[in-house]
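Data block for upload_23.csv (CSV, C-alpha atoms and all ligand atoms):
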```
chain,number,residue,atom,x,y,z
A,1229,MET,CA,0.0,0.0,0.0
A,1230,ASN,CA,1.1,3.5,-0.7
A,1231,LYS,CA,3.0,4.9,2.3
A,1232,HIS,CA,1.1,8.2,2.4
A,1233,ILE,CA,-2.2,6.3,2.6
A,1234,GLU,CA,-0.7,4.1,5.3
A,1235,SER,CA,0.5,7.0,7.4
A,1236,VAL,CA,-2.7,9.0,7.2
A,1237,THR,CA,-4.8,6.0,8.0
A,1238,GLU,CA,-2.6,5.4,11.1
A,1239,ALA,CA,-3.0,9.0,12.1
A,1240,VAL,CA,-6.8,8.8,11.8
A,1241,LYS,CA,-6.8,5.5,13.8
A,1242,ALA,CA,-4.7,7.2,16.5
A,1243,LYS,CA,-7.0,10.2,16.8
A,1244,PHE,CA,-10.5,8.7,16.3
A,1245,ASP,CA,-12.5,5.6,17.2
A,1246,VAL,CA,-12.2,3.8,13.9
A,1247,LEU,CA,-14.6,0.8,13.4
A,1248,ASN,CA,-12.9,-0.7,10.4
A,1249,THR,CA,-10.5,0.1,7.6
A,1250,GLU,CA,-10.3,-1.3,4.1
A,1251,ILE,CA,-7.9,-1.0,1.3
A,1252,VAL,CA,-9.8,-0.1,-1.8
A,1253,ARG,CA,-6.8,0.1,-4.2
A,1254,ASP,CA,-3.2,1.0,-4.1
A,1255,THR,CA,-3.8,4.7,-3.7
A,1256,GLN,CA,-7.1,4.6,-1.9
A,1257,ALA,CA,-8.3,3.4,1.5
A,1258,ALA,CA,-11.6,3.5,3.3
A,1259,VAL,CA,-12.2,4.2,7.0
A,1260,ASP,CA,-15.4,3.5,8.9
A,1261,LEU,CA,-16.2,6.0,11.6
A,1262,LYS,CA,-18.9,6.7,14.1
A,1263,PRO,CA,-21.2,9.4,12.7
A,1264,GLY,CA,-20.2,11.7,15.6
A,1265,ASP,CA,-16.5,11.6,14.6
A,1266,VAL,CA,-17.0,12.5,10.9
A,1267,HIS,CA,-16.7,16.3,11.2
A,1268,ALA,CA,-13.7,16.2,13.3
A,1269,ALA,CA,-12.0,13.7,11.1
A,1270,LEU,CA,-12.8,15.7,7.9
A,1271,ALA,CA,-11.4,18.9,9.5
A,1272,PHE,CA,-8.3,17.0,10.6
A,1273,LEU,CA,-7.8,15.5,7.1
A,1274,LYS,CA,-8.3,18.8,5.4
A,1275,ALA,CA,-5.5,20.1,7.5
A,1276,GLN,CA,-3.4,17.1,6.5
A,1277,GLY,CA,-3.6,18.0,2.8
A,1278,PHE,CA,-6.9,16.5,1.7
A,1279,ARG,CA,-8.1,19.7,0.4
A,1280,GLN,CA,-10.7,18.4,-2.0
A,1281,LEU,CA,-14.0,16.7,-1.3
A,1282,SER,CA,-14.3,14.8,-4.5
A,1283,MET,CA,-17.6,13.2,-3.7
A,1284,LEU,CA,-20.2,12.7,-1.1
A,1285,THR,CA,-22.6,9.8,-1.8
A,1286,CYS,CA,-24.8,7.4,0.0
A,1287,VAL,CA,-25.4,3.7,0.0
A,1288,ASP,CA,-28.7,2.2,1.1
A,1289,TRP,CA,-28.2,-0.9,3.2
A,1290,LEU,CA,-31.8,-2.0,3.1
A,1291,GLU,CA,-31.4,-5.2,5.2
A,1292,ASP,CA,-29.3,-3.5,7.8
A,1293,LYS,CA,-31.8,-0.7,7.9
A,1294,GLU,CA,-28.9,1.8,7.5
A,1295,PHE,CA,-27.7,4.5,5.2
A,1296,GLN,CA,-24.0,4.8,4.7
A,1297,LEU,CA,-22.6,8.2,3.8
A,1298,VAL,CA,-19.3,8.1,1.9
A,1299,TYR,CA,-17.0,11.1,1.8
A,1300,LEU,CA,-14.3,10.8,-0.8
A,1301,LEU,CA,-11.3,13.0,-0.2
A,1302,PHE,CA,-8.4,13.7,-2.5
A,1303,ASP,CA,-4.9,14.9,-1.8
A,1304,TRP,CA,-3.6,16.7,-4.9
A,1305,ASP,CA,0.0,16.8,-3.7
A,1306,LYS,CA,0.4,13.1,-3.0
A,1307,GLY,CA,-2.3,11.8,-5.4
A,1308,VAL,CA,-4.1,9.7,-2.8
A,1309,ARG,CA,-7.7,9.2,-2.0
A,1310,LEU,CA,-9.4,8.5,1.3
A,1311,GLN,CA,-13.0,7.4,2.0
A,1312,MET,CA,-14.6,8.4,5.2
A,1313,ARG,CA,-17.7,6.3,5.8
A,1314,ALA,CA,-20.4,6.5,8.5
A,1315,ARG,CA,-23.7,4.7,8.9
A,1316,LEU,CA,-27.0,6.4,9.9
A,1317,ASP,CA,-30.3,5.0,11.0
A,1318,ARG,CA,-32.4,4.4,7.9
A,1319,ASP,CA,-35.7,5.3,9.6
A,1320,ASN,CA,-34.4,8.7,10.8
A,1321,PRO,CA,-31.7,9.7,8.3
A,1322,LYS,CA,-30.3,12.9,9.8
A,1323,PHE,CA,-26.8,14.2,9.7
A,1324,THR,CA,-25.1,17.6,10.2
A,1325,THR,CA,-23.8,19.5,7.2
A,1326,VAL,CA,-20.1,19.6,6.4
A,1327,THR,CA,-20.4,22.7,4.2
A,1328,ASN,CA,-18.5,24.6,6.9
A,1329,ILE,CA,-15.5,22.4,6.3
A,1330,TYR,CA,-15.9,21.7,2.6
A,1331,PRO,CA,-18.1,24.4,1.0
A,1332,GLY,CA,-18.2,22.2,-2.1
A,1333,ALA,CA,-20.4,19.7,-0.3
A,1334,GLN,CA,-23.3,22.0,-1.0
A,1335,TYR,CA,-24.5,20.3,-4.2
A,1336,TYR,CA,-23.6,16.8,-3.0
A,1337,GLU,CA,-25.8,17.3,0.1
A,1338,ARG,CA,-28.6,18.5,-2.1
A,1339,ASP,CA,-28.1,15.5,-4.3
A,1340,VAL,CA,-28.0,13.0,-1.4
A,1341,HIS,CA,-31.1,14.7,0.1
A,1342,GLU,CA,-33.0,14.4,-3.1
A,1343,PHE,CA,-32.1,10.8,-4.0
A,1344,PHE,CA,-31.9,9.2,-0.6
A,1345,GLY,CA,-33.9,11.5,1.7
A,1346,VAL,CA,-31.0,12.1,4.1
A,1347,GLU,CA,-31.5,15.5,5.8
A,1348,PHE,CA,-28.5,17.7,6.4
A,1349,GLU,CA,-29.1,20.0,9.4
A,1350,GLY,CA,-27.5,23.4,9.1
A,1351,ASN,CA,-27.8,23.4,5.3
A,1352,PRO,CA,-31.1,24.9,4.3
A,1353,MET,CA,-30.1,24.8,0.7
A,1354,SER,CA,-30.0,21.1,0.8
A,1355,TYR,CA,-33.8,20.9,0.8
A,1356,LYS,CA,-34.1,22.6,-2.6
A,1357,GLN,CA,-34.8,20.4,-5.6
A,1358,LEU,CA,-31.8,19.8,-7.9
A,1359,PHE,CA,-32.5,17.3,-10.7
A,1360,LEU,CA,-36.0,16.0,-9.9
A,1361,GLU,CA,-38.7,18.6,-10.3
A,1362,ASN,CA,-42.0,18.2,-8.5
A,1363,TRP,CA,-41.0,14.8,-7.2
A,1364,ASP,CA,-44.0,13.0,-5.6
A,1365,ASP,CA,-42.8,9.7,-4.3
A,1366,ILE,CA,-40.2,8.3,-2.0
A,1367,PRO,CA,-36.6,9.2,-2.9
A,1368,PRO,CA,-35.8,7.2,-6.0
A,1369,MET,CA,-32.4,5.8,-5.1
A,1370,ARG,CA,-33.7,4.0,-2.1
A,1371,LYS,CA,-33.6,0.3,-2.7
A,1372,ASP,CA,-37.3,-0.1,-2.0
A,1373,PHE,CA,-38.3,2.3,-4.7
A,1374,ASN,CA,-39.8,0.6,-7.8
A,1375,SER,CA,-38.7,2.5,-10.8
A,1376,ARG,CA,-40.6,0.5,-13.3
A,1377,ALA,CA,-43.9,0.9,-11.5
A,1378,TYR,CA,-43.3,4.6,-11.2
A,1379,SER,CA,-42.5,4.9,-14.9
A,1380,ASP,CA,-45.6,3.0,-15.9
A,1381,LYS,CA,-47.8,5.0,-13.6
A,1382,LYS,CA,-46.5,8.4,-14.8
A,1383,PHE,CA,-45.4,8.0,-18.4
A,1384,PRO,CA,-47.7,6.5,-21.0
A,1385,VAL,CA,-46.1,3.5,-22.8
A,1386,ARG,CA,-46.5,2.8,-26.5
A,1387,GLU,CA,-48.7,-0.2,-27.3
A,1388,TYR,CA,-47.6,-2.5,-30.1
A,1389,LYS,CA,-50.0,-4.7,-31.9
A,1390,LYS,CA,-47.3,-7.2,-32.9
A,1391,ASP,CA,-44.8,-8.6,-30.4
A,1392,PHE,CA,-41.5,-7.7,-32.1
A,1393,THR,CA,-39.4,-9.1,-29.2
A,1394,LYS,CA,-40.2,-12.7,-30.5
A,1395,ALA,CA,-39.7,-12.0,-34.1
A,1396,GLY,CA,-36.0,-12.7,-34.2
A,1397,ASP,CA,-35.8,-16.1,-32.6
A,1398,GLY,CA,-35.8,-18.0,-35.9
A,1399,LYS,CA,-39.2,-19.8,-35.6
B,1330,MET,CA,-69.5,36.0,-60.9
B,1331,GLY,CA,-68.9,36.2,-57.1
B,1332,GLU,CA,-68.2,32.4,-56.9
B,1333,GLY,CA,-65.6,32.8,-59.7
B,1334,ILE,CA,-63.7,35.3,-57.7
B,1335,ILE,CA,-63.8,33.1,-54.6
B,1336,GLU,CA,-62.6,30.2,-56.7
B,1337,LYS,CA,-59.8,32.3,-58.2
B,1338,ASP,CA,-58.9,33.5,-54.7
B,1339,LYS,CA,-58.6,30.0,-53.4
B,1340,LYS,CA,-56.4,28.9,-56.3
B,1341,LEU,CA,-54.2,31.9,-55.8
B,1342,LYS,CA,-53.9,31.1,-52.1
B,1343,GLU,CA,-53.1,27.5,-52.8
B,1344,GLY,CA,-50.5,28.4,-55.4
B,1345,TRP,CA,-48.9,30.8,-53.0
B,1346,GLU,CA,-48.8,28.2,-50.2
B,1347,GLY,CA,-47.2,25.8,-52.6
B,1348,ILE,CA,-44.5,28.3,-53.4
B,1349,SER,CA,-43.9,29.0,-49.7
B,1350,ARG,CA,-43.8,25.3,-48.9
B,1351,PHE,CA,-41.2,24.9,-51.7
B,1352,PHE,CA,-39.0,27.5,-50.3
B,1353,ARG,CA,-39.5,26.5,-46.7
B,1354,ALA,CA,-38.6,22.9,-47.5
B,1355,ASN,CA,-35.3,24.0,-49.1
B,1356,SER,CA,-34.2,26.3,-46.3
B,1357,LEU,CA,-34.6,24.8,-42.9
B,1358,TRP,CA,-33.0,26.2,-39.8
B,1359,MET,CA,-32.5,23.8,-37.0
B,1360,LEU,CA,-32.6,24.2,-33.3
B,1361,MET,CA,-30.7,21.4,-31.7
B,1362,TYR,CA,-31.8,20.3,-28.3
B,1363,CYS,CA,-29.1,17.8,-27.6
B,1364,THR,CA,-30.9,16.0,-24.8
B,1365,GLY,CA,-29.2,12.6,-25.1
B,1366,CYS,CA,-26.4,10.6,-26.7
B,1367,CYS,CA,-28.0,10.7,-30.2
B,1368,ALA,CA,-26.7,14.2,-30.5
B,1369,ILE,CA,-23.2,12.9,-31.2
B,1370,GLU,CA,-24.4,11.9,-34.7
B,1371,LEU,CA,-25.1,15.5,-35.7
B,1372,PRO,CA,-21.5,16.7,-36.1
B,1373,GLN,CA,-20.9,14.0,-38.8
B,1374,ALA,CA,-24.1,14.8,-40.5
B,1375,MET,CA,-23.3,18.5,-40.5
B,1376,THR,CA,-19.7,18.4,-41.6
B,1377,SER,CA,-18.1,17.7,-44.9
B,1378,ARG,CA,-18.6,14.0,-45.2
B,1379,TYR,CA,-22.4,14.1,-45.2
B,1380,ASP,CA,-22.8,17.8,-45.6
B,1381,MET,CA,-26.2,18.6,-44.4
B,1382,GLU,CA,-26.0,22.0,-46.0
B,1383,ARG,CA,-26.7,20.5,-49.4
B,1384,LEU,CA,-30.2,19.9,-48.2
B,1385,GLY,CA,-30.4,23.5,-47.3
B,1386,MET,CA,-30.2,22.9,-43.5
B,1387,GLY,CA,-28.2,24.8,-41.1
B,1388,PRO,CA,-28.0,25.5,-37.4
B,1389,MET,CA,-29.8,28.4,-35.8
B,1390,ALA,CA,-29.2,30.0,-32.4
B,1391,THR,CA,-32.6,30.7,-30.9
B,1392,PRO,CA,-36.0,29.1,-31.0
B,1393,ARG,CA,-37.7,32.1,-32.4
B,1394,GLN,CA,-35.6,32.0,-35.6
B,1395,ALA,CA,-35.7,28.2,-36.0
B,1396,ASP,CA,-38.0,26.0,-38.1
B,1397,VAL,CA,-37.0,22.6,-37.0
B,1398,LEU,CA,-36.6,21.4,-33.4
B,1399,LEU,CA,-34.3,18.4,-33.1
B,1400,VAL,CA,-34.9,16.3,-30.0
B,1401,THR,CA,-31.8,14.2,-30.0
B,1402,GLY,CA,-32.4,11.4,-27.6
B,1403,TYR,CA,-33.9,10.6,-24.2
B,1404,LEU,CA,-35.9,13.3,-22.5
B,1405,SER,CA,-35.9,13.6,-18.7
B,1406,VAL,CA,-38.8,15.2,-17.1
B,1407,LYS,CA,-36.7,18.2,-16.4
B,1408,THR,CA,-35.6,18.5,-20.0
B,1409,LEU,CA,-39.1,18.0,-21.4
B,1410,ARG,CA,-40.3,21.0,-19.5
B,1411,ARG,CA,-37.6,23.1,-21.2
B,1412,VAL,CA,-38.3,21.5,-24.6
B,1413,ILE,CA,-41.9,22.5,-24.3
B,1414,TYR,CA,-40.8,26.1,-23.6
B,1415,ALA,CA,-38.5,26.0,-26.6
B,1416,TYR,CA,-41.2,24.5,-28.9
B,1417,GLU,CA,-43.8,27.0,-27.9
B,1418,GLN,CA,-41.4,29.9,-28.5
B,1419,MET,CA,-40.8,28.8,-32.1
B,1420,SER,CA,-42.9,30.5,-34.7
B,1421,THR,CA,-45.1,28.5,-37.0
B,1422,PRO,CA,-44.7,26.6,-39.3
B,1423,LYS,CA,-42.4,24.5,-37.1
B,1424,TYR,CA,-41.4,20.9,-37.2
B,1425,LEU,CA,-40.1,18.4,-34.7
B,1426,VAL,CA,-37.7,15.6,-35.5
B,1427,ALA,CA,-37.1,12.9,-32.8
B,1428,PHE,CA,-33.9,10.8,-32.8
B,1429,GLY,CA,-33.6,7.3,-31.6
B,1430,PRO,CA,-36.0,4.9,-29.8
B,1431,CYS,CA,-35.8,6.9,-26.6
B,1432,PRO,CA,-38.5,9.5,-27.7
B,1433,ILE,CA,-40.4,6.7,-29.5
B,1434,ASN,CA,-41.0,4.3,-26.7
B,1435,GLY,CA,-38.5,5.0,-24.0
B,1436,GLY,CA,-35.7,3.0,-25.5
B,1437,ILE,CA,-33.3,1.6,-22.9
B,1438,TYR,CA,-34.8,4.1,-20.4
B,1439,TYR,CA,-38.3,2.5,-20.6
B,1440,ASP,CA,-38.3,1.9,-16.9
B,1441,ALA,CA,-36.5,5.0,-15.7
B,1442,TYR,CA,-38.3,7.1,-13.1
B,1443,ALA,CA,-37.1,10.4,-14.6
B,1444,VAL,CA,-37.3,9.7,-18.3
B,1445,ILE,CA,-40.5,9.9,-20.4
B,1446,ASN,CA,-41.5,7.1,-22.7
B,1447,ARG,CA,-43.3,8.7,-25.6
B,1448,LEU,CA,-42.6,12.2,-26.9
B,1449,ASP,CA,-45.7,12.2,-29.1
B,1450,GLN,CA,-47.9,12.4,-26.0
B,1451,TYR,CA,-46.5,15.8,-25.2
B,1452,LEU,CA,-45.4,17.4,-28.5
B,1453,PRO,CA,-46.3,16.5,-32.1
B,1454,VAL,CA,-43.5,14.7,-33.8
B,1455,ASP,CA,-43.1,15.0,-37.6
B,1456,VAL,CA,-40.3,12.6,-38.2
B,1457,TYR,CA,-38.8,9.8,-36.1
B,1458,ILE,CA,-35.3,8.6,-36.9
B,1459,ALA,CA,-34.7,5.0,-35.8
B,1460,GLY,CA,-31.4,3.6,-34.5
B,1461,CYS,CA,-29.7,3.8,-31.1
B,1462,MET,CA,-28.0,6.0,-32.1
B,1463,PRO,CA,-29.0,6.6,-35.7
B,1464,LYS,CA,-26.2,6.6,-38.2
B,1465,PRO,CA,-25.5,9.8,-40.1
B,1466,GLU,CA,-27.1,8.1,-43.2
B,1467,ALA,CA,-30.3,7.6,-41.2
B,1468,VAL,CA,-30.1,11.2,-40.0
B,1469,MET,CA,-29.8,12.5,-43.5
B,1470,ASN,CA,-32.6,10.2,-44.6
B,1471,GLY,CA,-34.8,11.4,-41.9
B,1472,PHE,CA,-34.2,15.0,-42.9
B,1473,GLN,CA,-35.0,14.1,-46.5
B,1474,ASP,CA,-38.3,12.6,-45.2
B,1475,LEU,CA,-39.0,15.8,-43.4
B,1476,ILE,CA,-38.4,17.9,-46.5
B,1477,ASP,CA,-40.7,15.6,-48.5
B,1478,GLY,CA,-43.2,15.8,-45.8
B,1479,ILE,CA,-43.2,19.6,-45.9
B,1480,LYS,CA,-43.6,19.6,-49.7
B,1481,ASN,CA,-46.5,17.2,-49.7
B,1482,LYS,CA,-48.1,18.7,-46.5
B,1483,THR,CA,-47.8,15.6,-44.3
B,1484,ALA,CA,-45.5,17.3,-41.8
B,1485,ASP,CA,-48.2,19.2,-40.1
B,1486,GLY,CA,-47.3,18.7,-36.4
B,1487,TRP,CA,-47.7,22.3,-35.6
B,1488,LYS,CA,-51.3,22.3,-36.9
B,1489,ARG,CA,-52.0,19.1,-34.8
B,1490,TYR,CA,-50.5,20.9,-31.8
B,1491,ARG,CA,-52.7,23.9,-32.4
B,1492,ASP,CA,-55.9,21.9,-32.9
B,1493,ASN,CA,-55.4,19.4,-30.1
B,1494,TYR,CA,-53.7,21.8,-27.7
B,1495,GLU,CA,-56.0,20.7,-24.8
B,1496,TRP,CA,-55.1,17.1,-25.2
B,1497,TYR,CA,-51.4,17.8,-25.3
B,1498,ARG,CA,-51.6,20.1,-22.4
B,1499,LYS,CA,-53.5,17.5,-20.4
B,1500,ASN,CA,-50.8,14.9,-21.0
B,1501,GLN,CA,-48.0,17.4,-20.2
B,1502,ILE,CA,-49.6,18.2,-16.9
B,1503,GLU,CA,-50.3,14.6,-16.0
B,1504,SER,CA,-46.7,13.6,-16.4
B,1505,LEU,CA,-45.0,16.8,-15.3
B,1506,GLY,CA,-47.2,18.2,-12.7
B,1507,GLU,CA,-46.7,21.8,-13.1
B,1508,LEU,CA,-45.3,23.2,-16.3
B,1509,ARG,CA,-43.7,26.3,-15.0
B,1510,ILE,CA,-40.0,26.1,-14.5
B,1511,LYS,CA,-38.9,26.8,-11.0
B,1512,ASP,CA,-35.1,26.6,-10.6
B,1513,GLU,CA,-32.2,28.9,-9.7
B,1514,PHE,CA,-32.4,30.7,-13.0
B,1515,HIS,CA,-36.1,31.4,-12.8
B,1516,GLU,CA,-36.4,32.6,-9.3
A,1601,LIG,S1,-31.8,6.4,-28.5
A,1601,LIG,FE1,-29.9,5.4,-27.8
A,1601,LIG,S2,-28.3,6.8,-28.5
A,1601,LIG,FE2,-30.2,7.9,-28.5
A,1601,LIG,S3,-30.4,9.0,-26.6
A,1601,LIG,FE3,-31.5,7.0,-26.4
A,1601,LIG,S4,-29.9,5.6,-25.6
A,1601,LIG,FE4,-28.8,7.4,-26.4
```

If you convert what's in this file into structure tokens, what do you get?
Ligand code: SF4
Amino acid sequence: MNKHIESVTEAVKAKFDVLNTEIVRDTQAAVDLKPGDVHAALAFLKAQGFRQLSMLTCVDWLEDKEFQLVYLLFDWDKGVRLQMRARLDRDNPKFTTVTNIYPGAQYYERDVHEFFGVEFEGNPMSYKQLFLENWDDIPPMRKDFNSRAYSDKKFPVREYKKDFTKAGDGK
Amino acid sequence: MGEGIIEKDKKLKEGWEGISRFFRANSLWMLMYCTGCCAIELPQAMTSRYDMERLGMGPMATPRQADVLLVTGYLSVKTLRRVIYAYEQMSTPKYLVAFGPCPINGGIYYDAYAVINRLDQYLPVDVYIAGCMPKPEAVMNGFQDLIDGIKNKTADGWKRYRDNYEWYRKNQIESLGELRIKDEFHE
């Protein structure tokens, strides 16, 4: 593993209560944290050179009843990436904004709020619609959302008199 | 005597319309709404190899000056709202060409929650071009079809839109909710 990644992972481990670490690739590692530690860890890493928040995304662990927030940080000088991950309760998905640390998180938080329904306290902008306009169902990236049913309900489909899908099977 | 004049008038009008259709068909300005991946076939069709200009077609900058609206690919709900704005701004006669299976029946996005399935429910389509994505030959062929349609009066989508406006509006509202755009740029 890249020595920069190794040293920074060790530093995070020493400072915070790390639940788990994972090597994603040569230049990228992932660290699982408790939700309460995320802000301190992000501020710490920013001071260590991870100046860019490349991405904030969310994973829906339906069976565990949890959402996992993934903050992907990038260090331009050393060319290494670090993921900070934390799990939230799926029934009450609330987190505090990180826009005070990474102002660029603004749009990511809007995105995660729109597609997963995670609320970011302290960021009133995150409640504004971004891609979906007049959305009227549960957030669409949740695993229990049925895209096909929604599409059929909302958008009329073209009816075909002949079944073209069977035409090509040589019979 | 009076009937003769009316008859003559009608003939004159028809003749005049025929002339304007002829010129219209040979000088089309396109407004390209590059909504999806099909748009990538336009550069080939426009540049020297296929040379769209020999059909008398060229790109235009704004909806109000354009004759043909090209919807090149899938339409998300958000884009459809803006396409409707663009289409309604165009002055008649106006034509709409839809590229690829996405606007025909949803294409590979048939089950997507944010992409519509049939464009002809919301706006009148004059020519469909098949192929995901359509080859430049197919694009040129589609444009030739449009030109023929204008000459023989079958490309009459703008009239259908005018006559069935209520029906189109009803479908638009059913799928889009409200039509008015509310985003950062329209606040
Ligand atoms: S028809 Fe195919 S190429 Fe065209 S927008 Fe749809 S998926 Fe893309």

Note to self: Under the rule that all atoms listed in the file are counted, which of A:Trp1289, A:Thr1255, A:Phe1383, A:Leu1301 is the nearest residue to Ala1275 (chain A)?
What the structure shows: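 Of the candidates, the smallest distance to Ala1275 (chain A) is held by A:Leu1301.
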
Margin query: Show me which residues line ligand LIG 1601 (chain A), defined as having an atom within 12 Å of a ligand atom where only C-alpha atoms and all ligand atoms count, and present them as number ranges by chain.
Written below: B: 1362-1371, 1400-1405, 1427-1439, 1441, 1444-1447, 1457-1464, 1468

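Counting all atoms listed in the file, every residue of chain A that comes within 10 Å of chain B is listed here: A:Lys1356, A:Gln1357, A:Leu1358, A:Phe1359, A:Leu1360, A:Glu1361, A:Asn1362, A:Trp1363, A:Asp1364, A:Pro1368, A:Phe1373, A:Asn1374, A:Ser1375, A:Arg1376, A:Ala1377, A:Tyr1378, A:Ser1379, A:Asp1380, A:Lys1381, A:Lys1382, A:Phe1383, A:Pro1384, A:Val1385, A:Arg1386, A:Glu1387.
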
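One finds CA of Leu1384 (chain B) at 26.1 Å from CA of Tyr1490 (chain B).
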
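The set of protein, DNA and RNA residues with any counted atom at most 6 Å from (-20.5, 8.5, 3.3) (all atoms listed in the file) reads A:Thr1285, A:Cys1286, A:Gln1296, A:Leu1297, A:Val1298, A:Tyr1299, A:Arg1313, A:Ala1314.
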
Emit region 1313-1329 of chain A of the structure in the block as a file comprising N, CA, C and O atoms, as a CSV table (one decimal), in the first residue's frame.
```
chain,number,residue,atom,x,y,z
A,1313,ARG,N,-16.4,6.9,5.9
A,1313,ARG,CA,-17.7,6.3,5.8
A,1313,ARG,C,-18.4,6.3,7.2
A,1313,ARG,O,-17.7,6.0,8.2
A,1314,ALA,N,-19.7,6.6,7.2
A,1314,ALA,CA,-20.4,6.5,8.5
A,1314,ALA,C,-21.8,6.0,8.2
A,1314,ALA,O,-22.4,6.3,7.1
A,1315,ARG,N,-22.3,5.3,9.1
A,1315,ARG,CA,-23.7,4.7,8.9
A,1315,ARG,C,-24.7,5.4,9.8
A,1315,ARG,O,-24.4,5.8,10.9
A,1316,LEU,N,-25.9,5.7,9.2
A,1316,LEU,CA,-27.0,6.4,9.9
A,1316,LEU,C,-28.2,5.4,10.0
A,1316,LEU,O,-28.3,4.5,9.2
A,1317,ASP,N,-29.0,5.7,10.9
A,1317,ASP,CA,-30.3,5.0,11.0
A,1317,ASP,C,-31.1,5.3,9.8
A,1317,ASP,O,-31.4,6.4,9.4
A,1318,ARG,N,-31.6,4.2,9.2
A,1318,ARG,CA,-32.4,4.4,7.9
A,1318,ARG,C,-33.8,5.0,8.2
A,1318,ARG,O,-34.3,5.7,7.3
A,1319,ASP,N,-34.3,4.8,9.4
A,1319,ASP,CA,-35.7,5.3,9.6
A,1319,ASP,C,-35.7,6.8,10.0
A,1319,ASP,O,-36.7,7.5,9.9
A,1320,ASN,N,-34.5,7.3,10.4
A,1320,ASN,CA,-34.4,8.7,10.8
A,1320,ASN,C,-33.1,9.2,10.3
A,1320,ASN,O,-32.2,9.5,11.0
A,1321,PRO,N,-33.0,9.4,8.9
A,1321,PRO,CA,-31.7,9.7,8.3
A,1321,PRO,C,-31.4,11.2,8.5
A,1321,PRO,O,-31.8,12.0,7.7
A,1322,LYS,N,-30.7,11.5,9.5
A,1322,LYS,CA,-30.3,12.9,9.8
A,1322,LYS,C,-28.8,13.0,10.0
A,1322,LYS,O,-28.3,12.2,10.6
A,1323,PHE,N,-28.2,14.0,9.4
A,1323,PHE,CA,-26.8,14.2,9.7
A,1323,PHE,C,-26.6,15.7,9.7
A,1323,PHE,O,-27.5,16.5,9.3
A,1324,THR,N,-25.4,16.1,10.1
A,1324,THR,CA,-25.1,17.6,10.2
A,1324,THR,C,-24.3,17.9,8.9
A,1324,THR,O,-23.5,17.1,8.5
A,1325,THR,N,-24.5,19.1,8.4
A,1325,THR,CA,-23.8,19.5,7.2
A,1325,THR,C,-22.3,19.6,7.4
A,1325,THR,O,-21.8,19.8,8.5
A,1326,VAL,N,-21.6,19.4,6.3
A,1326,VAL,CA,-20.1,19.6,6.4
A,1326,VAL,C,-19.7,20.8,5.5
A,1326,VAL,O,-18.5,20.9,5.2
A,1327,THR,N,-20.7,21.6,5.1
A,1327,THR,CA,-20.4,22.7,4.2
A,1327,THR,C,-19.4,23.7,4.9
A,1327,THR,O,-18.8,24.5,4.2
A,1328,ASN,N,-19.4,23.7,6.2
A,1328,ASN,CA,-18.5,24.6,6.9
A,1328,ASN,C,-17.0,24.2,6.8
A,1328,ASN,O,-16.1,25.0,6.9
A,1329,ILE,N,-16.9,22.9,6.5
A,1329,ILE,CA,-15.5,22.4,6.3
A,1329,ILE,C,-15.2,22.4,4.8
A,1329,ILE,O,-14.2,22.9,4.4
```
